[in-house]
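Colleague: Below you'll find target-v2.pdb; it's PDB, C-alpha atoms.
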```
ATOM      1  CA  MET A1247      82.406 -61.839 -26.088
ATOM      2  CA  PRO A1248      83.939 -65.329 -26.283
ATOM      3  CA  ALA A1249      84.690 -67.134 -29.547
ATOM      4  CA  GLU A1250      81.293 -68.826 -29.537
ATOM      5  CA  SER A1251      78.327 -66.713 -30.573
ATOM      6  CA  PRO A1252      75.590 -66.205 -27.951
ATOM      7  CA  LEU A1253      73.344 -68.637 -29.828
ATOM      8  CA  GLU A1254      76.103 -71.257 -29.854
ATOM      9  CA  LEU A1255      76.649 -70.681 -26.130
ATOM     10  CA  VAL A1256      72.968 -71.151 -25.330
ATOM     11  CA  ARG A1257      72.811 -74.259 -27.502
ATOM     12  CA  ALA A1258      75.928 -75.685 -25.831
ATOM     13  CA  GLN A1259      74.488 -75.131 -22.348
ATOM     14  CA  MET A1260      71.161 -76.639 -23.383
ATOM     15  CA  GLU A1261      73.072 -79.633 -24.713
ATOM     16  CA  ILE A1262      74.650 -80.059 -21.259
ATOM     17  CA  LEU A1263      71.251 -79.794 -19.557
ATOM     18  CA  ARG A1264      69.444 -81.930 -22.097
ATOM     19  CA  PRO A1265      71.765 -84.003 -24.245
ATOM     20  CA  GLY A1266      70.536 -84.188 -27.829
ATOM     21  CA  GLN A1267      68.281 -81.130 -27.629
ATOM     22  CA  GLY A1268      70.651 -78.195 -27.792
ATOM     23  CA  GLY A1269      72.204 -78.620 -31.213
ATOM     24  CA  ASP A1270      69.462 -77.389 -33.524
ATOM     25  CA  MET A1271      67.458 -75.321 -31.092
ATOM     26  CA  ASP A1272      65.542 -72.588 -32.920
ATOM     27  CA  VAL A1273      65.500 -68.991 -31.635
ATOM     28  CA  SER A1274      61.708 -68.811 -31.815
ATOM     29  CA  LEU A1275      61.189 -71.601 -29.291
ATOM     30  CA  LEU A1276      59.775 -70.689 -25.889
ATOM     31  CA  LEU A1277      61.775 -72.138 -22.987
ATOM     32  CA  GLY A1278      58.664 -72.972 -20.971
ATOM     33  CA  ARG A1279      55.876 -73.716 -23.421
ATOM     34  CA  ASP A1280      57.893 -75.341 -26.206
ATOM     35  CA  LEU A1281      60.918 -76.828 -24.431
ATOM     36  CA  HIS A1282      59.052 -77.575 -21.179
ATOM     37  CA  MET A1283      61.942 -76.248 -19.116
ATOM     38  CA  SER A1284      61.248 -76.229 -15.399
ATOM     39  CA  SER A1285      62.285 -73.265 -13.278
ATOM     40  CA  ILE A1286      65.213 -75.218 -11.829
ATOM     41  CA  GLU A1287      66.437 -75.928 -15.370
ATOM     42  CA  LEU A1288      66.152 -72.230 -16.219
ATOM     43  CA  ALA A1289      68.239 -71.412 -13.148
ATOM     44  CA  ARG A1290      70.824 -74.045 -14.086
ATOM     45  CA  LEU A1291      70.923 -72.707 -17.654
ATOM     46  CA  ALA A1292      71.613 -69.231 -16.267
ATOM     47  CA  GLY A1293      74.328 -70.660 -14.026
ATOM     48  CA  GLY A1294      75.916 -72.577 -16.894
ATOM     49  CA  LEU A1295      75.939 -69.473 -19.106
ATOM     50  CA  ARG A1296      77.461 -67.406 -16.322
ATOM     51  CA  ARG A1297      80.162 -70.005 -15.757
ATOM     52  CA  ALA A1298      80.889 -70.329 -19.488
ATOM     53  CA  LEU A1299      81.303 -66.567 -19.665
ATOM     54  CA  GLY A1300      83.961 -66.481 -16.962
ATOM     55  CA  GLY A1301      81.810 -66.283 -13.839
ATOM     56  CA  GLU A1302      80.954 -62.615 -14.068
ATOM     57  CA  PRO A1303      77.468 -61.843 -12.723
ATOM     58  CA  LEU A1304      74.875 -61.260 -15.401
ATOM     59  CA  PRO A1305      71.653 -59.334 -14.645
ATOM     60  CA  PHE A1306      69.330 -62.162 -15.619
ATOM     61  CA  GLN A1307      66.521 -60.516 -13.671
ATOM     62  CA  LEU A1308      66.402 -57.873 -16.424
ATOM     63  CA  LEU A1309      64.958 -60.572 -18.675
ATOM     64  CA  PHE A1310      61.806 -60.057 -16.616
ATOM     65  CA  ALA A1311      61.807 -56.279 -16.403
ATOM     66  CA  PRO A1312      59.137 -54.760 -14.139
ATOM     67  CA  GLY A1313      56.164 -53.553 -16.113
ATOM     68  CA  GLU A1314      56.609 -56.167 -18.801
ATOM     69  CA  ASP A1315      54.286 -59.115 -18.587
ATOM     70  CA  VAL A1316      56.938 -61.729 -19.335
ATOM     71  CA  LYS A1317      56.072 -65.223 -18.177
ATOM     72  CA  ASP A1318      58.083 -67.136 -20.759
ATOM     73  CA  LEU A1319      61.215 -66.506 -22.794
ATOM     74  CA  THR A1320      62.173 -67.320 -26.335
ATOM     75  CA  VAL A1321      65.656 -68.620 -27.049
ATOM     76  CA  GLY A1322      66.051 -65.491 -29.187
ATOM     77  CA  ARG A1323      65.339 -63.175 -26.233
ATOM     78  CA  LEU A1324      67.975 -64.963 -24.175
ATOM     79  CA  VAL A1325      70.460 -64.678 -27.043
ATOM     80  CA  ALA A1326      69.684 -60.954 -27.441
ATOM     81  CA  PHE A1327      70.185 -60.496 -23.687
ATOM     82  CA  LEU A1328      73.645 -62.063 -23.916
ATOM     83  CA  GLU A1329      74.530 -59.906 -26.926
ATOM     84  CA  GLU A1330      73.552 -56.831 -24.907
ATOM     85  CA  HIS A1331      75.135 -57.693 -21.556
ATOM     86  CA  VAL A1332      78.293 -59.666 -22.325
ATOM     87  CA  PRO A1333      81.206 -57.368 -23.117
ATOM     88  CA  SER A1334      82.855 -58.039 -26.448
TER      89      SER A1334
ATOM     90  CA  MET B 781      50.161 -84.752   4.571
ATOM     91  CA  ALA B 782      52.324 -85.553   1.545
ATOM     92  CA  SER B 783      51.946 -88.464  -0.796
ATOM     93  CA  ALA B 784      53.825 -89.635  -3.887
ATOM     94  CA  TRP B 785      52.526 -91.416  -6.950
ATOM     95  CA  GLU B 786      54.245 -92.580 -10.087
ATOM     96  CA  ALA B 787      52.228 -92.865 -13.286
ATOM     97  CA  PRO B 788      52.774 -91.897 -16.920
ATOM     98  CA  ASP B 789      50.436 -88.897 -17.057
ATOM     99  CA  ARG B 790      51.129 -85.799 -14.916
ATOM    100  CA  LEU B 791      47.508 -84.800 -14.396
ATOM    101  CA  GLU B 792      46.472 -88.310 -13.492
ATOM    102  CA  ARG B 793      49.487 -88.631 -11.205
ATOM    103  CA  GLY B 794      48.403 -85.418  -9.497
ATOM    104  CA  ARG B 795      44.879 -86.726  -8.978
ATOM    105  CA  LEU B 796      46.092 -90.059  -7.612
ATOM    106  CA  ALA B 797      48.684 -88.543  -5.297
ATOM    107  CA  THR B 798      46.128 -86.000  -4.046
ATOM    108  CA  ARG B 799      43.498 -88.653  -3.386
ATOM    109  CA  ARG B 800      45.986 -90.711  -1.419
ATOM    110  CA  ALA B 801      47.117 -87.685   0.620
ATOM    111  CA  VAL B 802      43.484 -86.690   1.308
ATOM    112  CA  ARG B 803      42.673 -90.194   2.502
ATOM    113  CA  VAL B 804      45.585 -90.235   4.961
ATOM    114  CA  LEU B 805      44.896 -86.673   6.166
ATOM    115  CA  LEU B 806      41.219 -87.356   6.841
ATOM    116  CA  LYS B 807      42.078 -90.575   8.654
ATOM    117  CA  HIS B 808      44.750 -88.968  10.839
ATOM    118  CA  SER B 809      42.656 -85.904  11.656
ATOM    119  CA  GLY B 810      39.598 -87.941  12.580
ATOM    120  CA  GLU B 811      37.469 -86.129   9.992
ATOM    121  CA  THR B 812      34.818 -87.926   8.023
ATOM    122  CA  GLY B 813      34.843 -87.481   4.283
ATOM    123  CA  PHE B 814      35.090 -89.365   1.033
ATOM    124  CA  PRO B 815      38.565 -88.896  -0.494
ATOM    125  CA  GLY B 816      37.266 -89.750  -3.961
ATOM    126  CA  GLY B 817      34.729 -86.951  -3.710
ATOM    127  CA  TYR B 818      37.409 -84.246  -3.680
ATOM    128  CA  GLU B 819      38.032 -82.952  -7.157
ATOM    129  CA  LEU B 820      41.428 -81.568  -8.158
ATOM    130  CA  VAL B 821      40.917 -78.513 -10.351
ATOM    131  CA  ARG B 822      43.263 -75.852 -11.641
ATOM    132  CA  LYS B 823      42.549 -72.142 -11.424
ATOM    133  CA  ARG B 824      43.257 -69.962 -14.425
ATOM    134  CA  ASN B 825      46.721 -69.102 -13.027
ATOM    135  CA  GLY B 826      47.530 -72.825 -12.892
ATOM    136  CA  ARG B 827      47.294 -73.109  -9.117
ATOM    137  CA  PRO B 828      45.690 -76.425  -8.098
ATOM    138  CA  THR B 829      42.720 -76.347  -5.752
ATOM    139  CA  LEU B 830      40.527 -78.998  -4.189
ATOM    140  CA  ALA B 831      36.762 -78.797  -4.596
ATOM    141  CA  ALA B 832      35.333 -80.396  -1.463
ATOM    142  CA  PRO B 833      32.192 -82.531  -1.501
ATOM    143  CA  HIS B 834      29.188 -81.077   0.344
ATOM    144  CA  GLY B 835      29.630 -81.341   4.095
ATOM    145  CA  CYS B 836      33.298 -82.349   3.939
ATOM    146  CA  PRO B 837      36.164 -80.246   5.341
ATOM    147  CA  SER B 838      37.756 -77.710   3.014
ATOM    148  CA  LEU B 839      41.339 -78.628   2.110
ATOM    149  CA  LEU B 840      44.338 -76.948   0.528
ATOM    150  CA  VAL B 841      46.602 -78.716  -1.952
ATOM    151  CA  SER B 842      49.984 -78.190  -3.549
ATOM    152  CA  LEU B 843      51.587 -80.432  -6.165
ATOM    153  CA  THR B 844      55.114 -80.955  -7.368
ATOM    154  CA  HIS B 845      56.441 -83.051 -10.217
ATOM    155  CA  THR B 846      60.012 -84.256 -10.440
ATOM    156  CA  GLY B 847      60.970 -86.739 -13.100
ATOM    157  CA  ASP B 848      58.219 -89.354 -13.195
ATOM    158  CA  THR B 849      57.145 -88.776  -9.623
ATOM    159  CA  THR B 850      54.413 -86.482  -8.359
ATOM    160  CA  PHE B 851      53.997 -85.410  -4.755
ATOM    161  CA  ALA B 852      50.794 -83.970  -3.347
ATOM    162  CA  TYR B 853      50.717 -81.959  -0.126
ATOM    163  CA  VAL B 854      47.297 -81.531   1.440
ATOM    164  CA  GLY B 855      46.308 -79.586   4.551
ATOM    165  CA  MET B 856      43.183 -78.429   6.337
ATOM    166  CA  ARG B 857      42.010 -74.967   5.364
ATOM    167  CA  GLU B 858      42.260 -73.282   8.742
ATOM    168  CA  ALA B 859      41.296 -69.746   9.606
ATOM    169  CA  GLY B 860      43.853 -67.328   8.223
ATOM    170  CA  VAL B 861      45.789 -69.902   6.180
ATOM    171  CA  SER B 862      45.691 -68.878   2.559
ATOM    172  CA  GLY B 863      48.049 -71.324   0.920
ATOM    173  CA  ILE B 864      50.438 -74.227   1.245
ATOM    174  CA  GLY B 865      53.353 -75.122  -0.988
ATOM    175  CA  ILE B 866      55.561 -78.127  -1.590
ATOM    176  CA  ASP B 867      58.612 -78.751  -3.700
ATOM    177  CA  VAL B 868      60.679 -81.916  -4.003
ATOM    178  CA  GLU B 869      63.866 -82.585  -5.932
ATOM    179  CA  ARG B 870      66.177 -85.571  -6.121
ATOM    180  CA  ARG B 871      69.503 -85.047  -4.382
ATOM    181  CA  ASP B 872      71.248 -87.649  -6.535
ATOM    182  CA  ARG B 873      70.646 -85.756  -9.808
ATOM    183  CA  ASP B 874      73.015 -83.278 -11.386
ATOM    184  CA  HIS B 875      72.178 -79.757 -10.216
ATOM    185  CA  ASP B 876      75.335 -78.167 -11.537
ATOM    186  CA  GLY B 877      74.954 -74.448 -12.150
ATOM    187  CA  LEU B 878      72.144 -73.974  -9.621
ATOM    188  CA  TRP B 879      74.299 -72.102  -7.084
ATOM    189  CA  GLU B 880      75.499 -69.611  -9.696
ATOM    190  CA  GLY B 881      72.268 -69.327 -11.657
ATOM    191  CA  GLY B 882      69.485 -69.734  -9.125
ATOM    192  CA  PHE B 883      70.463 -66.997  -6.723
ATOM    193  CA  THR B 884      71.615 -63.421  -6.870
ATOM    194  CA  GLY B 885      74.896 -62.330  -5.308
ATOM    195  CA  ASP B 886      73.020 -61.035  -2.240
ATOM    196  CA  GLU B 887      71.277 -64.388  -1.849
ATOM    197  CA  ARG B 888      74.549 -66.303  -2.163
ATOM    198  CA  ARG B 889      75.975 -64.155   0.641
ATOM    199  CA  VAL B 890      72.956 -65.067   2.803
ATOM    200  CA  LEU B 891      73.382 -68.738   1.929
ATOM    201  CA  ALA B 892      77.165 -68.828   2.353
ATOM    202  CA  PRO B 893      77.095 -69.973   6.027
ATOM    203  CA  VAL B 894      74.726 -72.805   5.093
ATOM    204  CA  ALA B 895      77.017 -73.760   2.201
ATOM    205  CA  ARG B 896      80.004 -73.818   4.558
ATOM    206  CA  GLU B 897      78.136 -76.051   6.987
ATOM    207  CA  ALA B 898      76.234 -78.384   4.654
ATOM    208  CA  GLY B 899      78.076 -78.010   1.358
ATOM    209  CA  GLN B 900      77.301 -75.728  -1.562
ATOM    210  CA  ALA B 901      75.295 -78.289  -3.543
ATOM    211  CA  ARG B 902      72.979 -79.082  -0.643
ATOM    212  CA  ALA B 903      72.589 -75.431   0.310
ATOM    213  CA  ALA B 904      71.656 -74.525  -3.260
ATOM    214  CA  LEU B 905      69.198 -77.386  -3.700
ATOM    215  CA  SER B 906      67.519 -76.919  -0.307
ATOM    216  CA  ALA B 907      67.208 -73.164  -0.804
ATOM    217  CA  TRP B 908      65.855 -73.651  -4.318
ATOM    218  CA  CYS B 909      63.210 -76.135  -3.134
ATOM    219  CA  ALA B 910      62.285 -73.749  -0.328
ATOM    220  CA  LYS B 911      61.932 -70.903  -2.823
ATOM    221  CA  GLU B 912      59.659 -73.005  -5.039
ATOM    222  CA  ALA B 913      57.529 -74.021  -2.054
ATOM    223  CA  VAL B 914      57.149 -70.391  -0.998
ATOM    224  CA  VAL B 915      55.970 -69.099  -4.388
ATOM    225  CA  LYS B 916      53.488 -71.966  -4.563
ATOM    226  CA  ALA B 917      52.160 -71.206  -1.089
ATOM    227  CA  LEU B 918      51.825 -67.547  -2.032
ATOM    228  CA  GLY B 919      49.946 -68.636  -5.139
ATOM    229  CA  THR B 920      52.115 -66.544  -7.428
ATOM    230  CA  GLY B 921      54.523 -69.090  -8.869
ATOM    231  CA  PHE B 922      57.714 -67.617 -10.253
ATOM    232  CA  GLU B 923      55.776 -65.927 -13.062
ATOM    233  CA  GLY B 924      58.818 -66.673 -15.163
ATOM    234  CA  ASP B 925      61.305 -64.878 -12.908
ATOM    235  CA  PRO B 926      63.077 -67.093 -10.334
ATOM    236  CA  TRP B 927      65.221 -64.198  -9.110
ATOM    237  CA  ALA B 928      62.368 -61.931  -7.982
ATOM    238  CA  THR B 929      61.790 -63.899  -4.758
ATOM    239  CA  ALA B 930      64.913 -63.360  -2.687
ATOM    240  CA  CYS B 931      66.311 -65.451   0.129
ATOM    241  CA  VAL B 932      67.015 -63.004   2.972
ATOM    242  CA  LYS B 933      67.805 -65.333   5.884
ATOM    243  CA  ALA B 934      68.766 -68.987   6.097
ATOM    244  CA  THR B 935      69.630 -71.817   8.420
ATOM    245  CA  THR B 936      70.404 -75.336   7.214
ATOM    246  CA  ASN B 937      66.722 -76.287   7.151
ATOM    247  CA  ILE B 938      64.739 -73.051   7.327
ATOM    248  CA  PHE B 939      64.775 -70.346   4.673
ATOM    249  CA  TRP B 940      63.103 -66.925   4.648
ATOM    250  CA  PHE B 941      62.201 -65.131   1.418
ATOM    251  CA  ARG B 942      61.069 -61.647   0.446
ATOM    252  CA  SER B 943      58.773 -61.456  -2.548
ATOM    253  CA  THR B 944      58.375 -58.497  -4.864
ATOM    254  CA  ASP B 945      55.449 -57.110  -2.857
ATOM    255  CA  GLY B 946      57.629 -57.016   0.274
ATOM    256  CA  ARG B 947      56.044 -60.003   2.000
ATOM    257  CA  HIS B 948      58.302 -62.341   3.960
ATOM    258  CA  THR B 949      57.562 -66.053   3.925
ATOM    259  CA  GLN B 950      59.477 -69.012   5.250
ATOM    260  CA  ALA B 951      59.857 -72.630   4.194
ATOM    261  CA  TYR B 952      61.192 -75.703   5.938
ATOM    262  CA  THR B 953      63.266 -78.380   4.259
ATOM    263  CA  TYR B 954      64.328 -81.871   5.165
ATOM    264  CA  LEU B 955      66.103 -84.758   3.510
ATOM    265  CA  GLN B 956      64.541 -88.185   3.121
ATOM    266  CA  GLY B 957      66.214 -90.894   1.072
ATOM    267  CA  PRO B 958      67.159 -89.427  -2.306
ATOM    268  CA  TRP B 959      64.782 -86.483  -1.911
ATOM    269  CA  VAL B 960      64.882 -82.939  -0.604
ATOM    270  CA  PHE B 961      61.434 -81.860   0.612
ATOM    271  CA  ALA B 962      60.387 -78.259   1.169
ATOM    272  CA  PHE B 963      57.122 -77.071   2.704
ATOM    273  CA  SER B 964      55.650 -73.638   3.194
ATOM    274  CA  HIS B 965      52.433 -72.345   4.795
ATOM    275  CA  VAL B 966      51.169 -68.838   4.249
ATOM    276  CA  SER B 967      48.911 -67.038   6.652
ATOM    277  CA  GLU B 968      48.655 -63.442   7.777
ATOM    278  CA  GLU B 969      49.662 -64.531  11.268
ATOM    279  CA  ARG B 970      52.717 -66.425  10.074
ATOM    280  CA  MET B 971      53.777 -63.640   7.759
ATOM    281  CA  ASN B 972      53.708 -61.220  10.660
ATOM    282  CA  ALA B 973      55.560 -63.670  12.871
ATOM    283  CA  CYS B 974      58.416 -64.163  10.433
ATOM    284  CA  ARG B 975      58.656 -60.614   9.139
ATOM    285  CA  ILE B 976      62.286 -59.630   9.000
ATOM    286  CA  PRO B 977      63.329 -56.075   9.709
ATOM    287  CA  ALA B 978      65.001 -54.223   6.849
TER     288      ALA B 978
END
```
Starting from the coordinates I provided, produce the structure as structure tokens.

Modeller:
Amino acid sequence: MPAESPLELVRAQMEILRPGQGGDMDVSLLLGRDLHMSSIELARLAGGLRRALGGEPLPFQLLFAPGEDVKDLTVGRLVAFLEEHVPS
Amino acid sequence: MASAWEAPDRLERGRLATRRAVRVLLKHSGETGFPGGYELVRKRNGRPTLAAPHGCPSLLVSLTHTGDTTFAYVGMREAGVSGIGIDVERRDRDHDGLWEGGFTGDERRVLAPVAREAGQARAALSAWCAKEAVVKALGTGFEGDPWATACVKATTNIFWFRSTDGRHTQAYTYLQGPWVFAFSHVSEERMNACRIPA
């Protein structure tokens, strides 16, 4: 895991995508409903996180595991995903 | 027939762009009908549909919003055609991260020849728009997961995708001014025609 915490990483990438919005982003916010992120922004966020973590592939598709009716993601779920899948 | 409209409100922009596209489509196809009589409504899954006035031809619609611009794509509901999809993005905007984040490793391998020929940024943006157009035409949307619909074959302007139910659907892209346009039509006939062997 890099020096930044997963939450700091997500906030930093959001700040790149949307300057001024990443800094105080709360973990309970939904990326779609609350932050109005489009699918292309979600893809770019995933790409930015991957790049910031050294370019190793991350199984982002597991965020939408089959059988789970997930149509939106909280910032907290994304942070938990990084905690689980990025080696320390 | 595609039409663009800029206005402050997304829903109103959608209505205006749709009305304009309907007017042009009816004129070009020689059909009679009152464009203002078509009502843009959204199904429960968010998919837009057009309610046709009595006696007017049944039409299909797909909408896309990018920045302050809305594009409407309208087509005749022909036998066997179940959906149409459009996506448009600006080429002159920053799409950094899309190549790495929008596609799986398998998809990037499929897209690599296109990236070599047209450049990675264009390949990523065209393929992404095509993917969006396909999930709209299928009527599924991404349902949150942009990685579930996989690009399995690609040329510079035509992209083929496999969705989670195994269906294969293609989309066409082209560049116009600052925009990348992608269009997709879904019909049983077309799906059979573009089915790709495993």

Colleague: Can you build me a table of stretch 848-942 of chain B residues sitting at most 12 Å from stretch 810-822 of chain B, with the closest atom pair per residue and its distance in Å to one decimal, using all atoms listed in the file, sorted by chain and residue number, as a tab-separated table?

Modeller:
```
residue	atom	partner	partner_atom	distance
B:Ala852	CA	B:Leu820	CA	10.8
B:Val854	CA	B:Leu820	CA	11.3
B:Met856	CA	B:Glu811	CA	10.3
B:Gly919	CA	B:Arg822	CA	11.8
```

Colleague: Could you please select, counting only C-alpha atoms, the residues of chain A within 9 Å of chain B and state them as a ChimeraX atom specification?

Modeller: /A:1278,1285-1297,1301,1303,1305-1307,1309-1310,1315-1319

Colleague: Can those selected residues be exported to a file as an mmCIF file, keeping the file's coordinate frame so that it contains C-alpha atoms?

Modeller:
```cif
data_model
loop_
_atom_site.group_PDB
_atom_site.id
_atom_site.type_symbol
_atom_site.label_atom_id
_atom_site.label_comp_id
_atom_site.auth_asym_id
_atom_site.auth_seq_id
_atom_site.Cartn_x
_atom_site.Cartn_y
_atom_site.Cartn_z
ATOM 1 C CA GLY A 1278 58.664 -72.972 -20.971
ATOM 2 C CA SER A 1285 62.285 -73.265 -13.278
ATOM 3 C CA ILE A 1286 65.213 -75.218 -11.829
ATOM 4 C CA GLU A 1287 66.437 -75.928 -15.370
ATOM 5 C CA LEU A 1288 66.152 -72.230 -16.219
ATOM 6 C CA ALA A 1289 68.239 -71.412 -13.148
ATOM 7 C CA ARG A 1290 70.824 -74.045 -14.086
ATOM 8 C CA LEU A 1291 70.923 -72.707 -17.654
ATOM 9 C CA ALA A 1292 71.613 -69.231 -16.267
ATOM 10 C CA GLY A 1293 74.328 -70.660 -14.026
ATOM 11 C CA GLY A 1294 75.916 -72.577 -16.894
ATOM 12 C CA LEU A 1295 75.939 -69.473 -19.106
ATOM 13 C CA ARG A 1296 77.461 -67.406 -16.322
ATOM 14 C CA ARG A 1297 80.162 -70.005 -15.757
ATOM 15 C CA GLY A 1301 81.810 -66.283 -13.839
ATOM 16 C CA PRO A 1303 77.468 -61.843 -12.723
ATOM 17 C CA PRO A 1305 71.653 -59.334 -14.645
ATOM 18 C CA PHE A 1306 69.330 -62.162 -15.619
ATOM 19 C CA GLN A 1307 66.521 -60.516 -13.671
ATOM 20 C CA LEU A 1309 64.958 -60.572 -18.675
ATOM 21 C CA PHE A 1310 61.806 -60.057 -16.616
ATOM 22 C CA ASP A 1315 54.286 -59.115 -18.587
ATOM 23 C CA VAL A 1316 56.938 -61.729 -19.335
ATOM 24 C CA LYS A 1317 56.072 -65.223 -18.177
ATOM 25 C CA ASP A 1318 58.083 -67.136 -20.759
ATOM 26 C CA LEU A 1319 61.215 -66.506 -22.794
#
```

Colleague: Run through the PyMOL selection byres ((chain A and resi 1257) around 10) on the given coordinates and return the selected residues as a list in words.

Modeller: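 Expected selection for the PyMOL selection byres ((chain A and resi 1257) around 10) here is Ser1251, Pro1252, Leu1253, Glu1254, Leu1255, Val1256, Ala1258, Gln1259, Met1260, Glu1261, Ile1262, Leu1263, Arg1264, Gln1267, Gly1268, Gly1269, Asp1270, Met1271, Asp1272, Val1273, Val1321 and Val1325 of chain A.
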
Colleague: To one decimal in Å, tell me the separation between atom CA of B:Ala895 and atom CA of A:Ala1298.

Modeller: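 Interatomic distance here is 22.3 Å.
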
Colleague: Can you measure atom CA of B:Gln950 to atom CA of B:Asp867 for me? One decimal in Å is fine.

Modeller: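 Result for atom CA of B:Gln950 versus atom CA of B:Asp867: 13.3 Å, one decimal.
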
Colleague: What is the distance, in Å and to one decimal place, between atom CA of B:Leu796 and atom CA of B:Pro833?

Modeller: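 These two atoms are separated by 16.9 Å.
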
Colleague: Please evaluate the PyMOL selection byres ((chain B and resi 862) around 8) against the structure above and give the resulting residues as a count of residues only.

Modeller: 10

Colleague: For this structure, which residues satisfy the selection - the PyMOL selection byres ((chain B and resi 853) around 12) - when it is evaluated on the file as given? I want them as a PyMOL selection string.

Modeller: chain B and resi 781-785+794-805+828-830+839-845+850-852+854-856+863-868+913+916-917+961-965

Colleague: Please identify all polymer residues within 10 Å of B:Gln956, counting all atoms listed in the file, omitting same-chain residues fewer than 3 positions from it, and present them as a PyMOL selection string.

Modeller: chain B and resi 870-871+953+959-961
